[in-house]
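Visitor: Take a look at the following structure, please.
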Amino acid sequence: MLNQEQISHSFSQFIGLLKVEMETEEIEAWVDHLELLSAAPDRISLGGLNSFFCNYIKSHHQKALHKMAREAFEPLGMVEDFQLLIEPANKVYGFRPEEPTVQSVVSDGLNPNYTFRNFVNGSNSDIAYAAGMAVGENLAENKYNPLFLCGDVGLGKTHLLQAIGLAAKEKDRSIKVRWASSKEYINEVIEGIRFQKIAGVREKYRTVDLLLIDDIQFLENKDSTQEEFFQLFNELIQAGKQIVLTSDRYPREIKNLEERLINRFNSGMVAKIHPPDFETRVAIIRAKTAKREFDLSEEIVNYLAGAIKSNVRDIEGILTHIEASRTLLGQEINIDAVKRVLREVMNLETNPKNVDNIIKRVAQRFEVKVGDIKSDKRTQEISKPRQIAMYLVREATDLSFPAIAEHFGGKNHTTVIQAYKKTKEWLEKDPEIRQTVLAILREINA
Ligand code: ADP
Ligand code: MG
C-alpha cells in the first residue's frame with residue numbers, strides 16, 4: 001500500500017513540473033484540470049477534462065508527460081515500463097458544463113449572464129419567453145402566478161428563470177428576489193426540521209417579492225417538504241408575491257406530488273419550452289459565436305445546427321471545444337476539424353440500437369442477461385449492472401432521462417436519475433469499478 005501523502009506530494013510535483021514546461025494557455029486549458037485517479041509503481045492514471053483534451057494531450061505531450069511522471073513519482077518506485085493513462089475524469093465523459101455555481105452568481109442566486117437579452121427566442125420558446133418577460137417586467141401585476149416553465153434538460157429553463165429575476169431587479173433595485181434549486185430548498189427544509197431551525201428557513205423564503213424555484217420536480221416523494229412548500233406557496237400568493245417554477249415535466253407528470261400542489265401549480269400559467277428548430281439553432285450558434293468573438297463559416301454553422309438537435313447546452317459545449325481546439329492547435333477551423341471535434345467529444349448516436357449495444361456490453365462484463373437488466377429484478381447482481389448501464393447510456397448518448405427509462409423496459413425516469421447519481425458517486429469512491437466503466441466506455445466509443 002502506497003502512502004497517500006507521498007502520492008499527493010508526487011502529484012503536486014508532477015503538476016509543478018508541467019507548469020514549468022507549458023505555456024500559460026495550455027496550463028489554463030488542461031493542466032489545471034488534471035487530476036490523479038490512481039497511482040501504482042506500474043501505472044499512473046490521470047483524469048483530464050474530457051475526451052477532447054485527453055486525446056490532445058496524448059497526441060502532443062505523451063513523451064514529456066511520461067518523463068515528468070517518472071521523475072515526480074520516483075519515490076513510489078516506478079517500474080521501468082510503467083504506464084501513463086489519461087482518461088476523461090469521471091465527471092465529464094462527454095461535455096456537460098456545470099450548473100451555475102455558487103461562486104459565479106451574486107448573492108441572490110442570480111447569474112448575471114442569464115438575461116433575456118442573451119436568450120435567443122424562437123417559436124419553440126416564445127410563450128415561455130413572453131410570459132417570463134411579462135412577469136419580470138411587471139412584477140406587481142401578478143400576471144401569471146405562479147408561472148410554471150417546463151421542458152427537457154438543456155433548453156433554457158434555468159436561464160429564463162434567472163432572466164425573470166434579473167429583469168425584475170433591473171426595473172427596481174429594491175425588489176427582493178430569491179432563486180434556489182429545489183434540491184437546495186429541500187435540503188434546507190429537511191435540515192431545518194431536524195435541527196429545529198425551520199423558522200429560519202421559513203423566514204428566508206417568506207420575505208421575498210419574487211421566488212424562483214428551479215427544477216421543482218425533485219419535490220416528488222418528499223412529503224414533508226411538499227407540506228412545507230404548500231404553506232409557503234399559499235402565503236406568498238396571498239400576499240401578492242410572485243412565484244416562478246421550472247420543471248422537466250408538466251405538473252401532472254410529477255409522480256407522487258400531492259394533488260393540491262398540482263392544482264396550485266396549474267392555477268397560473270404553464271408554458272412549455274420545446275427543442276429549438278433548425279433556424280433557431282442557427283441563430284443560437286451565431287449568437288454564441290459572436291459573443292466569443294470567433295467566426296464560423298455558414299457551412300459549419302449549418303452543419304452544427306443539423307447535427308445537434310435536442311439541447312442548447314450541447315451546442316454550447318461543442319462551441320467551447322471548437323474554440324479550444326483552435327486556441328490549442330492554432331488550427332483554422334474547417335469543416336473537417338469540426339466534424340472530428342464533434343465525433344470526439346460527443347457520441348451523437350441516439351438510435352435505440354446504440355442503447356441496446358451499451359446494455360449488451362454491460363451485461364457481458366457483469367455476466368448477466370440483457371433481459372435481466374431490462375427487468376424489474378432487484379437483486380444486487382442485477383441492479384448494479386443495470387444502474388451502470390443507465391449511467392453509461394446517459395453519458396454516451398444525448399437521450400433524456402425519460403427516454404432512457406423507455407429503453408430499460410419502461411421504468412420510471414426517476415429510477416434512471418437515481419441510478420445515474422449512485423453510479424457517479426460510486427465511481428468516485430471505487431477505482432476498480434471506475435476502470436471497468438472506463439473500459440466499457442472505450443468500447444462504446446471505439
Ligand atoms: P435547463 O435549465 O433547461 O436544463 P439551461 O437554462 O441550464 O437549461 O440552459 C443550458 C445552457 O444553454 C445555458 O448556458 C443557457 O444559457 C443556454 N441556453 C439554453 N437555451 C438558450 C437559448 N434559447 N438562447 C441562448 N442560450 C440558451
Ligand atoms: Mg436547469
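Residues are referred to by chain and number: the chain letter is A, B, ... according to the order shown in the C-alpha cells, the number counts from 1 in that chain, and ligands are numbered separately from 1 in the order shown.
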I'd like the contact shell of A:Leu155 - 12 Å cut-off, only C-alpha atoms, skipping same-chain residues fewer than 3 positions apart - returned as a ChimeraX atom specification.
Guide: /A:119-122,124-125,128-129,149-152,158-161,246-248,272-277,280-281,284,309-316,400
Visitor: For the residues in the current selection, export N, CA and C atoms as a JSON list (two decimals), in the first residue's frame.
Guide:
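Heads up, here's the output in again.json:
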[["chain", "number", "residue", "atom", "x", "y", "z"],
["A", 119, "PHE", "N", -30.79, 35.45, -24.35],
["A", 119, "PHE", "CA", -31.59, 34.27, -24.69],
["A", 119, "PHE", "C", -32.11, 34.41, -26.12],
["A", 120, "VAL", "N", -31.81, 33.45, -26.95],
["A", 120, "VAL", "CA", -32.30, 33.51, -28.33],
["A", 120, "VAL", "C", -33.69, 32.88, -28.37],
["A", 121, "ASN", "N", -34.67, 33.72, -28.63],
["A", 121, "ASN", "CA", -36.03, 33.23, -28.60],
["A", 121, "ASN", "C", -36.45, 32.71, -29.97],
["A", 122, "GLY", "N", -37.13, 31.60, -29.99],
["A", 122, "GLY", "CA", -37.65, 31.05, -31.24],
["A", 122, "GLY", "C", -39.08, 30.59, -31.02],
["A", 124, "ASN", "N", -40.09, 27.84, -30.58],
["A", 124, "ASN", "CA", -40.10, 26.76, -29.59],
["A", 124, "ASN", "C", -40.28, 27.29, -28.17],
["A", 125, "SER", "N", -39.88, 28.55, -27.96],
["A", 125, "SER", "CA", -39.86, 29.05, -26.58],
["A", 125, "SER", "C", -40.67, 30.33, -26.41],
["A", 128, "ALA", "N", -43.12, 30.81, -23.35],
["A", 128, "ALA", "CA", -42.39, 30.89, -22.09],
["A", 128, "ALA", "C", -41.64, 32.21, -21.99],
["A", 129, "TYR", "N", -41.04, 32.61, -23.09],
["A", 129, "TYR", "CA", -40.26, 33.84, -23.12],
["A", 129, "TYR", "C", -41.16, 35.05, -22.86],
["A", 149, "LEU", "N", -42.65, 26.99, -15.81],
["A", 149, "LEU", "CA", -41.96, 26.73, -17.07],
["A", 149, "LEU", "C", -41.49, 25.29, -17.09],
["A", 150, "CYS", "N", -41.81, 24.57, -18.15],
["A", 150, "CYS", "CA", -41.31, 23.19, -18.20],
["A", 150, "CYS", "C", -40.72, 22.86, -19.56],
["A", 151, "GLY", "N", -39.89, 21.85, -19.58],
["A", 151, "GLY", "CA", -39.23, 21.44, -20.81],
["A", 151, "GLY", "C", -38.05, 20.55, -20.49],
["A", 152, "ASP", "N", -37.54, 19.90, -21.52],
["A", 152, "ASP", "CA", -36.44, 18.96, -21.33],
["A", 152, "ASP", "C", -35.16, 19.66, -20.88],
["A", 158, "THR", "N", -33.49, 27.19, -16.68],
["A", 158, "THR", "CA", -32.77, 27.93, -15.64],
["A", 158, "THR", "C", -32.43, 29.33, -16.13],
["A", 159, "HIS", "N", -32.02, 29.40, -17.38],
["A", 159, "HIS", "CA", -31.69, 30.70, -17.97],
["A", 159, "HIS", "C", -32.89, 31.65, -17.90],
["A", 160, "LEU", "N", -34.05, 31.20, -18.36],
["A", 160, "LEU", "CA", -35.23, 32.07, -18.35],
["A", 160, "LEU", "C", -35.67, 32.43, -16.94],
["A", 161, "LEU", "N", -35.58, 31.45, -16.06],
["A", 161, "LEU", "CA", -35.99, 31.68, -14.67],
["A", 161, "LEU", "C", -35.15, 32.82, -14.07],
["A", 246, "THR", "N", -39.73, 26.02, -12.30],
["A", 246, "THR", "CA", -39.41, 25.26, -13.50],
["A", 246, "THR", "C", -39.45, 23.77, -13.18],
["A", 247, "SER", "N", -39.60, 22.98, -14.22],
["A", 247, "SER", "CA", -39.65, 21.53, -14.03],
["A", 247, "SER", "C", -39.33, 20.88, -15.36],
["A", 248, "ASP", "N", -38.86, 19.66, -15.32],
["A", 248, "ASP", "CA", -38.61, 18.98, -16.59],
["A", 248, "ASP", "C", -39.90, 18.34, -17.15],
["A", 272, "LYS", "N", -44.59, 25.57, -21.89],
["A", 272, "LYS", "CA", -43.60, 24.54, -22.19],
["A", 272, "LYS", "C", -42.56, 25.06, -23.19],
["A", 273, "ILE", "N", -41.30, 24.74, -22.93],
["A", 273, "ILE", "CA", -40.24, 25.07, -23.89],
["A", 273, "ILE", "C", -39.94, 23.82, -24.69],
["A", 274, "HIS", "N", -40.00, 23.93, -25.99],
["A", 274, "HIS", "CA", -39.72, 22.79, -26.87],
["A", 274, "HIS", "C", -38.29, 22.88, -27.40],
["A", 275, "PRO", "N", -37.78, 21.79, -27.95],
["A", 275, "PRO", "CA", -36.44, 21.88, -28.56],
["A", 275, "PRO", "C", -36.46, 22.87, -29.71],
["A", 276, "PRO", "N", -35.36, 23.61, -29.90],
["A", 276, "PRO", "CA", -35.34, 24.62, -30.95],
["A", 276, "PRO", "C", -35.34, 23.98, -32.35],
["A", 277, "ASP", "N", -36.00, 24.64, -33.30],
["A", 277, "ASP", "CA", -35.96, 24.14, -34.68],
["A", 277, "ASP", "C", -34.65, 24.57, -35.34],
["A", 280, "THR", "N", -33.73, 28.31, -35.39],
["A", 280, "THR", "CA", -33.39, 28.82, -34.06],
["A", 280, "THR", "C", -32.01, 28.32, -33.63],
["A", 281, "ARG", "N", -31.71, 27.07, -33.98],
["A", 281, "ARG", "CA", -30.38, 26.55, -33.63],
["A", 281, "ARG", "C", -29.30, 27.35, -34.34],
["A", 284, "ILE", "N", -28.96, 30.55, -32.50],
["A", 284, "ILE", "CA", -28.27, 30.36, -31.22],
["A", 284, "ILE", "C", -26.76, 30.25, -31.46],
["A", 309, "LYS", "N", -29.33, 18.50, -32.20],
["A", 309, "LYS", "CA", -30.73, 18.83, -32.36],
["A", 309, "LYS", "C", -31.47, 19.17, -31.08],
["A", 310, "SER", "N", -31.10, 18.48, -30.01],
["A", 310, "SER", "CA", -32.08, 18.46, -28.93],
["A", 310, "SER", "C", -31.74, 19.36, -27.75],
["A", 311, "ASN", "N", -30.57, 19.97, -27.74],
["A", 311, "ASN", "CA", -30.14, 20.51, -26.47],
["A", 311, "ASN", "C", -29.17, 21.68, -26.65],
["A", 312, "VAL", "N", -29.57, 22.84, -26.11],
["A", 312, "VAL", "CA", -28.73, 24.02, -26.30],
["A", 312, "VAL", "C", -27.44, 23.91, -25.49],
["A", 313, "ARG", "N", -27.52, 23.22, -24.38],
["A", 313, "ARG", "CA", -26.31, 23.04, -23.58],
["A", 313, "ARG", "C", -25.24, 22.31, -24.39],
["A", 314, "ASP", "N", -25.65, 21.34, -25.18],
["A", 314, "ASP", "CA", -24.68, 20.64, -26.02],
["A", 314, "ASP", "C", -24.11, 21.54, -27.10],
["A", 315, "ILE", "N", -24.94, 22.44, -27.60],
["A", 315, "ILE", "CA", -24.43, 23.38, -28.60],
["A", 315, "ILE", "C", -23.31, 24.20, -27.98],
["A", 316, "GLU", "N", -23.55, 24.71, -26.77],
["A", 316, "GLU", "CA", -22.51, 25.48, -26.10],
["A", 316, "GLU", "C", -21.26, 24.66, -25.88],
["A", 400, "SER", "N", -32.69, 11.93, -23.05],
["A", 400, "SER", "CA", -33.17, 12.45, -21.77],
["A", 400, "SER", "C", -33.44, 11.27, -20.82]]
Visitor: Go through stretch 211-317 of chain A and collect every residue that DSSP, computed from the backbone, puts in alpha helix (DSSP H); the answer should be as a PyMOL selection string.
Guide: chain A and resi 223-238+259-266+278-292+298-307+312-317
Visitor: Once you count only C-alpha atoms and all ligand atoms, what closest atom pair and distance in Å to one decimal does each residue of chain A within 7 Å of ligand 2 have, with rows by chain and rising residue number, as a tab-separated table?
Guide:
residue	atom	partner	partner_atom_place_in_ligand_line	distance
A:Val153	CA	ligand 2	1 (Mg)	6.7
A:Gly154	CA	ligand 2	1 (Mg)	6.7
A:Gly156	CA	ligand 2	1 (Mg)	6.8
A:Lys157	CA	ligand 2	1 (Mg)	5.4
A:Thr158	CA	ligand 2	1 (Mg)	4.1
A:Asp214	CA	ligand 2	1 (Mg)	6.6
A:Asp215	CA	ligand 2	1 (Mg)	6.5
Visitor: Create the file for the chosen residues now, containing N, CA, C and O atoms and written as a tab-separated table (two decimals), in the first residue's frame.
Guide:
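Below is the file that was written, result.tsv:
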chain	number	residue	atom	x	y	z
A	153	VAL	N	-34.22	18.86	-20.49
A	153	VAL	CA	-32.96	19.38	-19.99
A	153	VAL	C	-32.19	20.15	-21.07
A	153	VAL	O	-32.25	19.79	-22.25
A	154	GLY	N	-31.56	21.23	-20.66
A	154	GLY	CA	-30.69	21.97	-21.58
A	154	GLY	C	-31.42	22.89	-22.54
A	154	GLY	O	-30.84	23.38	-23.50
A	156	GLY	N	-32.99	25.77	-21.57
A	156	GLY	CA	-33.00	27.16	-21.15
A	156	GLY	C	-33.97	27.51	-20.03
A	156	GLY	O	-34.26	28.68	-19.81
A	157	LYS	N	-34.44	26.51	-19.28
A	157	LYS	CA	-35.37	26.81	-18.17
A	157	LYS	C	-34.67	27.64	-17.09
A	157	LYS	O	-35.20	28.66	-16.66
A	158	THR	N	-33.49	27.19	-16.68
A	158	THR	CA	-32.77	27.93	-15.64
A	158	THR	C	-32.43	29.33	-16.13
A	158	THR	O	-32.56	30.31	-15.40
A	214	ASP	N	-36.08	26.38	-9.01
A	214	ASP	CA	-35.66	25.66	-10.20
A	214	ASP	C	-35.81	24.15	-10.00
A	214	ASP	O	-35.52	23.64	-8.91
A	215	ASP	N	-36.27	23.47	-11.01
A	215	ASP	CA	-36.37	22.00	-11.00
A	215	ASP	C	-37.25	21.49	-9.87
A	215	ASP	O	-36.84	20.64	-9.07
Visitor: From the set A:Ala39, A:Leu46, A:Ile198, A:Ile318, which residue has the shortest atom-to-atom contact distance to ligand 1, counting only C-alpha atoms and all ligand atoms?
Guide: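 So, comparing all the options, the nearest one is A:Ile318.
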